[in-house]
>>> print(open('protein_2.txt').read())   # compact mmCIF, C-alpha atoms
# COMPACT_ATOMS: atom_id res chain seq x y z
CA MET A 1 39.45 113.89 126.00
CA SER A 2 40.61 114.35 122.42
CA ILE A 3 42.04 117.62 121.15
CA LEU A 4 42.04 118.76 117.54
CA ILE A 5 44.69 121.36 116.70
CA LYS A 6 43.70 122.97 113.41
CA ASN A 7 45.71 124.87 110.81
CA VAL A 8 49.26 124.37 112.05
CA LEU A 9 52.57 124.04 110.21
CA LEU A 10 54.62 121.06 111.34
CA TYR A 11 58.15 122.31 112.03
CA GLY A 12 57.07 125.59 110.41
CA GLU A 13 57.08 123.97 106.97
CA GLY A 14 54.63 123.15 104.18
CA ASP A 15 50.90 123.71 104.16
CA PRO A 16 48.73 123.94 107.28
CA VAL A 17 47.35 120.65 108.59
CA ASP A 18 45.15 119.48 111.44
CA VAL A 19 46.53 117.30 114.24
CA LEU A 20 44.26 115.10 116.33
CA LEU A 21 45.46 114.12 119.81
CA GLY A 22 43.98 111.31 121.85
CA ASP A 23 45.04 108.74 124.44
CA GLY A 24 48.30 110.60 124.96
CA GLU A 25 49.48 110.35 121.37
CA ILE A 26 49.11 111.86 117.92
CA ARG A 27 46.14 109.98 116.43
CA GLU A 28 45.82 111.59 113.02
CA ILE A 29 47.42 114.26 110.83
CA GLY A 30 45.74 115.63 107.73
CA ALA A 31 43.71 118.37 106.10
CA SER A 32 40.24 119.27 107.37
CA LEU A 33 40.05 116.51 109.97
CA ASP A 34 36.78 115.79 111.75
CA GLY A 35 37.57 115.50 115.43
CA GLY A 36 34.05 114.59 116.49
CA ASP A 37 33.57 115.83 120.05
CA ALA A 38 37.24 116.80 120.43
CA GLU A 39 38.19 120.15 121.92
CA ILE A 40 39.17 122.46 119.05
CA ILE A 41 42.26 124.67 119.14
CA ASP A 42 42.70 126.89 116.10
CA GLY A 43 46.43 127.10 115.43
CA ALA A 44 45.86 129.88 112.86
CA GLY A 45 49.04 129.09 110.95
CA GLN A 46 51.25 128.75 114.02
CA PHE A 47 54.13 126.27 114.18
CA LEU A 48 53.97 122.90 115.93
CA LEU A 49 57.19 121.43 117.32
CA PRO A 50 58.04 118.57 119.67
CA GLY A 51 57.97 119.69 123.30
CA PHE A 52 61.29 121.04 124.56
CA ILE A 53 63.61 119.28 127.00
CA ASP A 54 65.89 121.17 129.37
CA LEU A 55 68.89 119.21 130.58
CA HIS A 56 69.86 121.90 133.08
CA THR A 57 67.29 123.40 135.43
CA HIS A 58 67.48 124.51 139.06
CA LEU A 59 64.14 124.09 140.82
CA ARG A 60 65.54 124.75 144.35
CA GLU A 61 63.22 122.24 146.05
CA PRO A 62 64.02 120.95 148.62
CA GLY A 63 65.62 123.72 150.63
CA ARG A 64 65.09 127.07 148.89
CA GLU A 65 61.38 127.13 148.24
CA ASP A 66 61.50 130.89 148.81
CA THR A 67 63.12 131.22 145.36
CA GLU A 68 61.48 128.41 143.36
CA THR A 69 59.52 125.21 143.88
CA ILE A 70 58.95 122.20 141.68
CA GLU A 71 55.46 123.59 141.13
CA THR A 72 56.42 127.14 140.11
CA GLY A 73 59.42 125.95 138.11
CA SER A 74 57.23 123.44 136.31
CA ALA A 75 54.79 126.23 135.47
CA ALA A 76 57.62 128.32 134.02
CA ALA A 77 58.78 125.31 132.01
CA ALA A 78 55.33 124.58 130.61
CA LEU A 79 54.87 128.22 129.65
CA GLY A 80 58.21 128.03 127.83
CA GLY A 81 57.15 125.00 125.77
CA TYR A 82 58.98 122.39 127.86
CA THR A 83 57.59 118.93 128.49
CA ALA A 84 60.59 117.57 130.43
CA VAL A 85 63.25 119.19 132.61
CA PHE A 86 66.25 117.84 134.50
CA ALA A 87 66.49 119.29 138.00
CA MET A 88 70.05 119.74 139.24
CA ALA A 89 71.27 118.20 142.47
CA ASN A 90 72.48 121.30 144.34
CA THR A 91 69.46 121.46 146.60
CA SER A 92 69.44 121.42 150.41
CA PRO A 93 69.76 118.59 151.24
CA VAL A 94 71.78 117.65 148.18
CA ALA A 95 70.19 115.11 145.85
CA ASP A 96 72.86 112.51 146.54
CA THR A 97 70.57 109.67 147.69
CA SER A 98 67.52 107.97 146.24
CA VAL A 99 65.43 109.42 149.09
CA ILE A 100 65.87 112.90 147.61
CA THR A 101 65.83 111.99 143.92
CA ASP A 102 62.69 109.87 144.33
CA HIS A 103 61.01 112.75 146.20
CA VAL A 104 61.79 115.17 143.38
CA TRP A 105 60.44 112.75 140.78
CA ARG A 106 57.30 112.06 142.80
CA ARG A 107 56.64 115.74 143.41
CA GLY A 108 57.04 116.52 139.72
CA GLN A 109 54.49 113.85 138.86
CA GLU A 110 52.08 115.25 141.44
CA VAL A 111 52.31 118.71 139.89
CA GLY A 112 51.89 117.19 136.44
CA LEU A 113 52.96 120.11 134.26
CA VAL A 114 56.23 118.64 132.96
CA ASP A 115 58.22 115.49 133.60
CA VAL A 116 60.74 116.51 136.27
CA HIS A 117 63.76 114.21 136.08
CA PRO A 118 66.08 114.60 139.08
CA VAL A 119 69.80 114.82 138.42
CA GLY A 120 71.78 112.89 141.02
CA ALA A 121 74.95 114.23 142.57
CA VAL A 122 78.21 112.65 141.44
CA THR A 123 79.79 113.06 144.87
CA VAL A 124 78.41 113.09 148.40
CA GLY A 125 77.33 116.59 149.34
CA LEU A 126 78.84 117.94 146.08
CA GLU A 127 82.14 117.96 147.97
CA GLY A 128 84.15 116.14 145.30
CA LYS A 129 85.64 113.65 147.74
CA GLN A 130 83.50 110.50 147.69
CA LEU A 131 81.26 109.11 144.98
CA ALA A 132 77.56 109.20 145.75
CA GLU A 133 75.42 106.06 145.51
CA MET A 134 74.82 106.42 141.78
CA GLY A 135 73.61 102.83 141.37
CA THR A 136 70.95 103.20 144.04
CA MET A 137 69.65 106.42 142.51
CA ALA A 138 69.64 104.90 139.02
CA ALA A 139 67.68 101.89 140.31
CA GLY A 140 65.20 103.98 142.33
CA LEU A 141 61.73 105.21 141.51
CA ALA A 142 63.19 108.20 139.64
CA SER A 143 65.46 106.02 137.46
CA VAL A 144 68.09 108.75 137.56
CA ARG A 145 69.88 108.85 134.22
CA MET A 146 72.13 111.89 134.61
CA PHE A 147 74.54 112.83 137.40
CA SER A 148 76.22 116.17 138.00
CA ASP A 149 77.77 118.23 140.79
CA ASP A 150 76.70 121.35 138.88
CA GLY A 151 77.59 124.46 140.78
CA HIS A 152 80.83 122.65 141.56
CA CYS A 153 83.33 120.93 139.32
CA VAL A 154 84.32 117.32 139.94
CA TYR A 155 87.87 118.63 140.03
CA ASP A 156 89.75 115.55 141.29
CA PRO A 157 90.71 113.62 138.14
CA LEU A 158 90.70 110.28 139.94
CA ILE A 159 87.18 110.83 141.30
CA MET A 160 86.02 111.92 137.84
CA ARG A 161 87.62 108.87 136.25
CA ARG A 162 85.88 106.54 138.69
CA ALA A 163 82.56 108.32 138.11
CA LEU A 164 82.91 107.83 134.36
CA GLU A 165 83.79 104.17 134.80
CA TYR A 166 80.76 103.55 137.01
CA SER A 167 78.50 105.55 134.69
CA ASN A 168 79.51 103.34 131.82
CA SER A 169 78.45 100.19 133.67
CA LEU A 170 75.19 101.81 134.81
CA GLY A 171 74.31 103.26 131.43
CA VAL A 172 74.00 106.81 132.81
CA LEU A 173 75.54 110.16 131.91
CA ILE A 174 78.00 112.35 133.80
CA ALA A 175 77.46 116.08 133.20
CA GLN A 176 80.44 118.20 134.17
CA HIS A 177 80.46 121.77 135.42
CA ALA A 178 83.80 122.59 133.80
CA GLU A 179 85.64 124.92 136.16
CA GLU A 180 89.11 124.45 137.56
CA PRO A 181 88.49 126.00 141.00
CA ARG A 182 92.09 126.98 141.60
CA LEU A 183 91.85 129.35 138.63
CA THR A 184 88.58 130.96 139.69
CA LYS A 185 89.06 131.69 143.37
CA GLY A 186 87.50 135.09 143.95
CA ALA A 187 86.64 135.50 140.26
CA VAL A 188 83.29 137.08 139.38
CA ALA A 189 83.53 138.16 135.73
CA HIS A 190 85.18 137.13 132.46
CA GLU A 191 88.90 137.84 132.51
CA GLY A 192 89.29 140.52 129.88
CA PRO A 193 89.55 144.27 129.32
CA ASN A 194 86.09 145.03 130.68
CA ALA A 195 86.63 143.26 134.00
CA ALA A 196 90.06 144.83 134.38
CA ARG A 197 88.74 148.33 133.73
CA LEU A 198 85.82 147.82 136.12
CA GLY A 199 87.96 146.33 138.88
CA LEU A 200 86.24 142.94 138.84
CA ALA A 201 88.27 139.79 139.51
CA GLY A 202 88.79 137.94 136.26
CA TRP A 203 87.61 134.41 135.39
CA PRO A 204 89.92 132.97 132.69
CA ARG A 205 88.72 130.88 129.78
CA ALA A 206 91.36 128.32 130.71
CA ALA A 207 89.43 127.43 133.87
CA GLU A 208 86.72 125.93 131.68
CA GLU A 209 88.84 124.70 128.80
CA SER A 210 91.36 122.80 130.91
CA ILE A 211 88.58 120.68 132.47
CA VAL A 212 86.91 120.09 129.09
CA ALA A 213 90.21 118.80 127.68
CA ARG A 214 90.92 116.66 130.75
CA ASP A 215 87.47 115.10 130.84
CA ALA A 216 87.48 114.35 127.13
CA LEU A 217 90.63 112.29 127.72
CA LEU A 218 89.18 110.61 130.80
CA ALA A 219 86.01 109.71 128.89
CA ARG A 220 88.12 108.32 126.07
CA ASP A 221 90.07 106.06 128.40
CA ALA A 222 86.97 104.96 130.33
CA GLY A 223 85.00 104.32 127.16
CA ALA A 224 82.27 106.44 128.74
CA ARG A 225 80.11 109.40 127.82
CA VAL A 226 80.61 112.88 129.24
CA HIS A 227 78.42 115.95 128.84
CA ILE A 228 79.76 119.50 129.19
CA CYS A 229 77.43 121.91 130.96
CA HIS A 230 77.02 125.53 129.80
CA ALA A 231 79.91 125.80 127.31
CA SER A 232 80.97 129.44 127.18
CA THR A 233 84.22 129.95 125.25
CA ALA A 234 85.56 129.73 121.72
CA GLY A 235 88.34 127.51 123.08
CA THR A 236 85.79 125.01 124.41
CA VAL A 237 84.29 124.88 120.93
CA GLU A 238 87.67 123.96 119.44
CA LEU A 239 88.23 121.29 122.09
CA LEU A 240 84.81 119.79 121.39
CA LYS A 241 85.62 119.66 117.67
CA TRP A 242 88.87 117.86 118.40
CA ALA A 243 87.32 115.41 120.85
CA LYS A 244 84.51 114.49 118.49
CA SER A 245 86.98 114.06 115.63
CA GLN A 246 88.77 111.50 117.82
CA GLY A 247 85.61 109.51 118.35
CA ILE A 248 85.27 110.51 121.99
CA SER A 249 81.70 110.30 123.26
CA ILE A 250 81.28 113.90 124.35
CA THR A 251 78.28 116.21 124.12
CA ALA A 252 77.76 119.81 125.19
CA GLU A 253 75.09 122.37 125.87
CA VAL A 254 74.95 126.14 125.55
CA THR A 255 72.65 128.50 127.42
CA PRO A 256 70.45 131.13 125.76
CA HIS A 257 72.12 133.88 127.77
CA HIS A 258 75.58 132.92 126.50
CA LEU A 259 74.19 133.15 122.95
CA LEU A 260 72.75 136.63 123.44
CA LEU A 261 74.68 138.54 126.11
CA ASP A 262 78.34 139.43 126.48
CA ASP A 263 80.53 141.04 129.10
CA SER A 264 79.68 144.55 127.96
CA ARG A 265 76.70 144.11 130.31
CA LEU A 266 79.07 144.51 133.25
CA GLU A 267 79.17 148.28 132.83
CA THR A 268 76.27 148.81 135.23
CA TYR A 269 77.60 146.49 137.95
CA ASP A 270 74.06 145.07 138.06
CA ALA A 271 74.36 141.68 139.76
CA VAL A 272 71.57 140.26 137.60
CA ASN A 273 74.36 139.80 135.05
CA ARG A 274 76.51 137.67 137.34
CA VAL A 275 76.43 134.06 136.16
CA ASN A 276 78.64 130.98 136.24
CA PRO A 277 80.37 130.62 133.82
CA PRO A 278 80.49 134.37 133.28
CA LEU A 279 79.26 136.27 130.26
CA ARG A 280 82.16 136.20 127.82
CA GLU A 281 83.31 138.48 124.99
CA SER A 282 81.43 138.99 121.74
CA SER A 283 83.91 136.75 119.90
CA ASP A 284 82.94 133.87 122.19
CA VAL A 285 79.26 134.55 121.58
CA ALA A 286 79.80 134.34 117.82
CA ALA A 287 81.75 131.08 118.18
CA LEU A 288 79.03 129.53 120.35
CA ARG A 289 76.31 130.45 117.87
CA GLN A 290 78.23 128.91 114.98
CA ALA A 291 79.03 125.80 117.02
CA LEU A 292 75.35 125.27 117.81
CA ALA A 293 74.47 125.70 114.14
CA ASP A 294 77.18 123.25 113.08
CA GLY A 295 76.33 120.61 115.67
CA VAL A 296 79.62 120.96 117.55
CA ILE A 297 77.48 122.02 120.51
CA ASP A 298 74.59 119.59 120.65
CA CYS A 299 71.78 121.34 122.45
CA VAL A 300 70.39 124.34 124.30
CA ALA A 301 69.93 124.14 128.08
CA THR A 302 68.65 127.05 130.14
CA ASP A 303 70.60 126.73 133.42
CA HIS A 304 67.46 128.32 134.88
CA ALA A 305 68.76 129.57 138.24
CA PRO A 306 66.28 131.45 140.45
CA HIS A 307 67.67 133.55 143.29
CA ALA A 308 66.04 135.59 146.03
CA GLU A 309 66.11 139.38 145.80
CA GLN A 310 68.54 139.69 148.71
CA ASP A 311 70.97 137.36 146.91
CA LYS A 312 71.02 139.58 143.81
CA CYS A 313 70.40 143.10 145.07
CA CYS A 314 73.87 143.53 146.49
CA GLU A 315 77.36 144.34 145.27
CA PHE A 316 78.39 142.36 142.21
CA ALA A 317 81.07 140.25 143.93
CA ALA A 318 78.71 139.20 146.74
CA ALA A 319 75.81 138.18 144.49
CA ARG A 320 74.81 134.59 143.81
CA PRO A 321 75.47 133.60 140.17
CA GLY A 322 72.53 132.66 137.96
CA MET A 323 69.63 133.82 135.79
CA LEU A 324 66.08 132.79 134.99
CA GLY A 325 65.71 131.12 131.62
CA LEU A 326 62.77 128.77 131.07
CA GLU A 327 60.17 131.20 129.72
CA THR A 328 62.56 133.19 127.53
CA ALA A 329 64.65 130.38 126.00
CA LEU A 330 62.74 129.86 122.76
CA SER A 331 62.52 133.57 122.03
CA ILE A 332 66.27 134.02 122.49
CA ILE A 333 67.02 131.08 120.21
CA VAL A 334 64.77 132.63 117.57
CA GLN A 335 66.52 135.99 117.93
CA THR A 336 70.08 134.66 117.95
CA MET A 337 69.81 131.62 115.67
CA VAL A 338 66.66 131.63 113.53
CA ARG A 339 66.46 135.26 112.47
CA PRO A 340 70.16 135.39 111.43
CA GLY A 341 69.63 132.19 109.39
CA LEU A 342 71.84 129.93 111.52
CA LEU A 343 68.97 127.52 112.28
CA ASP A 344 65.62 126.79 110.68
CA TRP A 345 62.68 125.56 112.75
CA ARG A 346 63.66 121.94 112.28
CA GLY A 347 67.00 122.99 113.71
CA VAL A 348 65.21 124.48 116.71
CA ALA A 349 63.48 121.15 117.26
CA ARG A 350 66.83 119.40 116.98
CA VAL A 351 68.69 121.46 119.58
CA MET A 352 65.82 122.03 122.02
CA SER A 353 64.07 118.66 121.84
CA GLU A 354 65.53 115.85 119.75
CA ASN A 355 69.18 116.09 120.79
CA PRO A 356 68.49 116.53 124.51
CA ALA A 357 66.23 113.45 124.41
CA ARG A 358 68.94 111.47 122.63
CA ILE A 359 71.66 112.56 125.04
CA VAL A 360 69.80 111.29 128.11
CA GLY A 361 67.92 108.45 126.43
CA LEU A 362 64.33 109.67 126.83
CA ASP A 363 62.31 107.40 124.56
CA ASP A 364 59.03 109.29 124.96
CA GLN A 365 60.33 112.82 124.36
CA GLY A 366 61.82 114.59 121.35
CA ARG A 367 59.90 112.30 119.02
CA PRO A 368 58.91 113.06 115.40
CA LEU A 369 55.61 114.74 114.65
CA ALA A 370 53.97 111.61 113.30
CA VAL A 371 50.94 109.42 113.92
CA GLY A 372 51.41 107.10 116.88
CA GLU A 373 54.06 109.24 118.57
CA PRO A 374 53.62 110.67 122.10
CA ALA A 375 51.76 113.98 122.05
CA ASN A 376 54.44 116.05 123.79
CA LEU A 377 54.19 119.25 121.81
CA ALA A 378 54.76 123.00 121.73
CA LEU A 379 52.57 125.36 119.70
CA ILE A 380 54.41 128.55 118.73
CA ASP A 381 53.40 131.89 117.29
CA PRO A 382 56.54 132.84 115.33
CA ASP A 383 55.35 136.30 114.38
CA THR A 384 54.42 137.77 117.72
CA GLU A 385 56.73 139.91 119.83
CA TRP A 386 56.54 140.28 123.57
CA THR A 387 58.25 142.28 126.29
CA VAL A 388 59.87 140.46 129.19
CA ARG A 389 58.67 141.63 132.60
CA ALA A 390 59.87 139.75 135.65
CA LYS A 391 56.66 140.33 137.56
CA GLU A 392 54.73 138.48 134.85
CA LEU A 393 56.95 135.37 134.88
CA ALA A 394 55.83 132.23 136.72
CA SER A 395 58.97 131.83 138.81
CA ILE A 396 59.01 133.04 142.39
CA ALA A 397 62.39 134.68 141.83
CA LYS A 398 62.61 137.59 139.41
CA ASN A 399 66.30 137.65 138.42
CA THR A 400 65.95 137.89 134.66
CA PRO A 401 68.63 139.80 132.72
CA PHE A 402 66.11 140.30 129.90
CA GLU A 403 63.84 142.74 131.75
CA GLU A 404 62.04 145.06 129.30
CA MET A 405 63.65 143.38 126.28
CA THR A 406 61.29 142.86 123.35
CA LEU A 407 61.77 139.34 122.01
CA PRO A 408 60.34 137.44 119.05
CA ALA A 409 58.09 134.34 119.07
CA LYS A 410 55.96 133.00 121.88
CA VAL A 411 54.77 129.58 123.00
CA THR A 412 50.96 129.70 122.96
CA ALA A 413 50.25 126.16 124.14
CA THR A 414 52.12 123.14 125.49
CA PHE A 415 50.88 119.56 125.55
CA LEU A 416 52.17 116.77 127.79
CA ARG A 417 50.98 113.38 126.55
CA GLY A 418 48.08 115.07 124.82
CA ARG A 419 47.02 117.13 127.83
CA ILE A 420 47.18 120.93 127.81
CA THR A 421 49.70 122.16 130.39
CA SER A 422 49.88 125.78 129.26
CA ARG A 423 47.79 127.91 126.98
CA ASP A 424 47.81 131.63 126.29
CA GLY A 425 50.08 132.41 129.21
CA VAL A 426 48.38 130.20 131.79
CA ALA A 427 49.78 126.95 133.16
CA SER A 428 47.68 124.30 134.89
CA ALA A 429 47.42 120.54 135.12
CA ALA A 430 44.89 120.32 137.91
CA ARG A 431 41.60 121.05 136.17
CA GLY A 432 39.87 120.79 132.86
CA ALA A 433 40.69 123.27 130.12
CA ASP A 434 37.40 125.16 130.38
CA GLU A 435 37.83 125.87 134.09
CA VAL A 436 41.53 126.62 133.97
CA PHE A 437 41.60 129.07 131.12
CA ALA A 438 38.34 130.91 131.68
CA GLY A 439 39.73 133.17 134.39
CA GLY A 440 42.84 134.34 132.57
CA ASP A 441 45.02 134.16 135.67
CA ARG A 442 48.39 132.43 135.95
CA ARG A 443 47.45 129.27 137.80
CA VAL A 444 49.60 126.26 138.49
CA GLY A 445 48.25 122.83 139.19
CA ASN A 446 47.94 120.29 141.98
CA ARG A 447 49.16 122.00 145.11
CA GLY A 448 49.51 119.31 147.72
CA GLY A 449 47.93 116.30 145.99
CA PRO A 450 47.79 114.08 142.94
>>> encode(input="protein_2.txt", output="structure tokens")
Amino acid sequence: MSILIKNVLLYGEGDPVDVLLGDGEIREIGASLDGGDAEIIDGAGQFLLPGFIDLHTHLREPGREDTETIETGSAAAALGGYTAVFAMANTSPVADTSVITDHVWRRGQEVGLVDVHPVGAVTVGLEGKQLAEMGTMAAGLASVRMFSDDGHCVYDPLIMRRALEYSNSLGVLIAQHAEEPRLTKGAVAHEGPNAARLGLAGWPRAAEESIVARDALLARDAGARVHICHASTAGTVELLKWAKSQGISITAEVTPHHLLLDDSRLETYDAVNRVNPPLRESSDVAALRQALADGVIDCVATDHAPHAEQDKCCEFAAARPGMLGLETALSIIVQTMVRPGLLDWRGVARVMSENPARIVGLDDQGRPLAVGEPANLALIDPDTEWTVRAKELASIAKNTPFEEMTLPAKVTATFLRGRITSRDGVASAARGADEVFAGGDRRVGNRGGP
């Protein structure tokens, strides 16, 4: 079925145009298009961007379906404007074989709300001792293109060097959780005045920066690419500048929460604010924002990390680190980057869609808004404001640090290959648009079948 989106601004620029979708692609762009029997969506001056890509998502399936599933996480992603997500390997069992990675890919396709690309583990069991079968996972049904032990650092330099060497021959990417574990044993909060005053064990910047520096050098010598997960310090920014100036093939991501929040949030001891790496100082936040604007940091990734209530409603030091992020990401980027003038809407497309697609080599995502391109799109109301309420989010878990915050901009519709996957706060891929959206409830598609 064709869809005609009327009166939208491409990248938030120029005059409103109509966009006709059909056969999974953009068929026509122009003024006052006649879509024939196409379904009409009145964009009413909203902005149309390429669908977002998240290089860092935790969907918890298999193993912790009490906190998130591929289905509920896909719904959250679609509601946030995402058309592709990369699901990290720290599941139970760990995604360190093609049996697991192919299952994750297949389940994502069954749900059909976003493309769920499994991330393979670098080492067996995330233990950092023996390389996983990267070649088998890359050659499997899922065609795994990124590997990470996220949640753990590949701390042994020899193992990391070998991983980079193999990745180069396979044409895949190693994404590093940069944390020297000997510097963070027992640490729960950023090492600084606030943690010291509150009696929380400090997490030094050097734990991250030392691994970033080391892996830049290892990537240089291996002639390989390395990607830095969730950059969080001003020192990491400086190291990235240096590495890129040396021609080293290094990229990095920053999370929305590290662009908005700082360690002043620790005052309440609320474990919803515990995250890895920890919330840093305001000076780090400012450096990260500028680095994203300047292209030193390449993209935004949510590190969407659902946790059960019992894993968060406890003392700060005992809590599991992580925060929800898929449904709030765009709004936080608008608040921290667009409204202050650090990014325009083309910049938003660059850091949330185009650059992530380039980093992992997705040919069908992050494409220009042009005739003949895949219709993976996000429709955005830039002028609305909304209040975050955990109970209204699609995720099973409710550990959002943004509870009751009023944020700008909202995704009103998402399209995956020309098919509506979310619209007006409802996500579904299982039924036609008329049936799905008539009831106004938050449905997700395809439970248990294709």
>>> closest_atom_pairs(input="protein_2.txt", of="range 32-51 of chain A", to="range 366-377 of chain A", cutoff="12 Å", atoms="all atoms listed in the file", output="JSON lines")
{"residue": "A:Phe47", "atom": "CA", "partner": "A:Leu377", "partner_atom": "CA", "distance": 10.4}
{"residue": "A:Leu48", "atom": "CA", "partner": "A:Leu377", "partner_atom": "CA", "distance": 6.9}
{"residue": "A:Leu49", "atom": "CA", "partner": "A:Leu377", "partner_atom": "CA", "distance": 5.8}
{"residue": "A:Pro50", "atom": "CA", "partner": "A:Leu377", "partner_atom": "CA", "distance": 4.5}
{"residue": "A:Gly51", "atom": "CA", "partner": "A:Leu377", "partner_atom": "CA", "distance": 4.1}
>>> closest_residue(input="protein_2.txt", among="A:Ala206, A:Val334, A:Ala175, A:Leu407", to="Thr251 in chain A", atoms="only C-alpha atoms")
A:Ala175
>>> residues_around(input="protein_2.txt", residues="Glu28 in chain A", least_positions_apart="3", cutoff="10 Å", atoms="only C-alpha atoms", output="PyMOL selection string")
chain A and resi 4+18-22+25+31+33+35+370-372
>>> closest_atom_pairs(input="protein_2.txt", of="range 285-325 of chain A", to="range 215-238 of chain A", cutoff="9 Å", atoms="all atoms listed in the file", output="CSV")
residue,atom,partner,partner_atom,distance
A:Val285,CA,A:Thr233,CA,7.7
A:Ala286,CA,A:Ala234,CA,8.3
A:Ala287,CA,A:Ala234,CA,5.4
A:Leu288,CA,A:Ala234,CA,6.7
A:Ala291,CA,A:Val237,CA,6.6
A:Val296,CA,A:Val237,CA,7.0
A:Ile297,CA,A:Val237,CA,7.4
A:Val300,CA,A:His230,CA,8.7
A:Ala301,CA,A:His230,CA,7.4
A:Thr302,CA,A:His230,CA,8.5
A:Asp303,CA,A:His230,CA,7.5
>>> closest_residue(input="protein_2.txt", among="A:Pro193, A:Gly80, A:Gly135, A:Gly199", to="Leu330 in chain A", atoms="all atoms listed in the file")
A:Gly80
>>> atom_distance(input="protein_2.txt", atom1="CA of Asn399 in chain A", atom2="CA of Ala427 in chain A")
20.4 Å
>>> residues_near_point(input="protein_2.txt", point="(67.0, 109.8, 150.7)", cutoff="12 Å", atoms="all atoms listed in the file", output="PDB file with C-alpha atoms, keeping the file's coordinate frame")
ATOM      1  CA  PRO A  62      64.020 120.950 148.620  1.00  0.00           C
ATOM      2  CA  SER A  92      69.440 121.420 150.410  1.00  0.00           C
ATOM      3  CA  PRO A  93      69.760 118.590 151.240  1.00  0.00           C
ATOM      4  CA  VAL A  94      71.780 117.650 148.180  1.00  0.00           C
ATOM      5  CA  ALA A  95      70.190 115.110 145.850  1.00  0.00           C
ATOM      6  CA  ASP A  96      72.860 112.510 146.540  1.00  0.00           C
ATOM      7  CA  THR A  97      70.570 109.670 147.690  1.00  0.00           C
ATOM      8  CA  SER A  98      67.520 107.970 146.240  1.00  0.00           C
ATOM      9  CA  VAL A  99      65.430 109.420 149.090  1.00  0.00           C
ATOM     10  CA  ILE A 100      65.870 112.900 147.610  1.00  0.00           C
ATOM     11  CA  THR A 101      65.830 111.990 143.920  1.00  0.00           C
ATOM     12  CA  ASP A 102      62.690 109.870 144.330  1.00  0.00           C
ATOM     13  CA  HIS A 103      61.010 112.750 146.200  1.00  0.00           C
ATOM     14  CA  VAL A 104      61.790 115.170 143.380  1.00  0.00           C
ATOM     15  CA  GLY A 120      71.780 112.890 141.020  1.00  0.00           C
ATOM     16  CA  ALA A 132      77.560 109.200 145.750  1.00  0.00           C
ATOM     17  CA  GLU A 133      75.420 106.060 145.510  1.00  0.00           C
ATOM     18  CA  THR A 136      70.950 103.200 144.040  1.00  0.00           C
ATOM     19  CA  MET A 137      69.650 106.420 142.510  1.00  0.00           C
ATOM     20  CA  GLY A 140      65.200 103.980 142.330  1.00  0.00           C
ATOM     21  CA  LEU A 141      61.730 105.210 141.510  1.00  0.00           C
ATOM     22  CA  ALA A 142      63.190 108.200 139.640  1.00  0.00           C
TER      23      ALA A 142
END
>>> residues_around(input="protein_2.txt", residues="Arg274 in chain A", least_positions_apart="3", cutoff="8 Å", atoms="all atoms listed in the file", output="list in words")
Val188, Ala189, Asp270, Ala271, Pro278, Leu279, Phe316, Ala319, Arg320, Pro321 and Gly322 of chain A
>>> closest_residue(input="protein_2.txt", among="A:Thr414, A:Thr406, A:Ser245, A:Gln310", to="Thr67 in chain A", atoms="all atoms listed in the file")
A:Gln310
>>> closest_residue(input="protein_2.txt", among="A:Ile359, A:Leu379, A:Val119, A:Val351", to="Met337 in chain A", atoms="all atoms listed in the file")
A:Val351
>>> atom_distance(input="protein_2.txt", atom1="CA of His117 in chain A", atom2="CA of Ala87 in chain A")
6.1 Å
>>> atom_distance(input="protein_2.txt", atom1="CA of His307 in chain A", atom2="CA of Tyr269 in chain A")
17.2 Å
>>> closest_residue(input="protein_2.txt", among="A:Ile40, A:Val272, A:Val254, A:Met88", to="Met352 in chain A", atoms="all atoms listed in the file")
A:Val254
>>> closest_residue(input="protein_2.txt", among="A:Gln290, A:Thr184, A:Thr69, A:Gln109", to="Ala397 in chain A", atoms="all atoms listed in the file")
A:Thr69
>>> residues_near_point(input="protein_2.txt", point="(59.6, 124.3, 131.8)", cutoff="9 Å", atoms="all atoms listed in the file", output="MDAnalysis selection string")
chainID A and resid 52:54 57 73:85 113:114 326:327
>>> residues_around(input="protein_2.txt", residues="Thr336 in chain A", least_positions_apart="4", cutoff="9 Å", atoms="only C-alpha atoms", output="ChimeraX atom specification")
/A:256,259-260,289,331-332,340-342
>>> write_last_selection(input="protein_2.txt", atoms="C-alpha atoms", output="PDB file, in the coordinates of the input")
ATOM      1  CA  PRO A 256      70.450 131.130 125.760  1.00  0.00           C
ATOM      2  CA  LEU A 259      74.190 133.150 122.950  1.00  0.00           C
ATOM      3  CA  LEU A 260      72.750 136.630 123.440  1.00  0.00           C
ATOM      4  CA  ARG A 289      76.310 130.450 117.870  1.00  0.00           C
ATOM      5  CA  SER A 331      62.520 133.570 122.030  1.00  0.00           C
ATOM      6  CA  ILE A 332      66.270 134.020 122.490  1.00  0.00           C
ATOM      7  CA  PRO A 340      70.160 135.390 111.430  1.00  0.00           C
ATOM      8  CA  GLY A 341      69.630 132.190 109.390  1.00  0.00           C
ATOM      9  CA  LEU A 342      71.840 129.930 111.520  1.00  0.00           C
TER      10      LEU A 342
END
>>> residues_around(input="protein_2.txt", residues="Ser32 in chain A", least_positions_apart="5", cutoff="9 Å", atoms="all atoms listed in the file", output="list in words")
Lys6, Asn7, Val17 and Asp18 of chain A
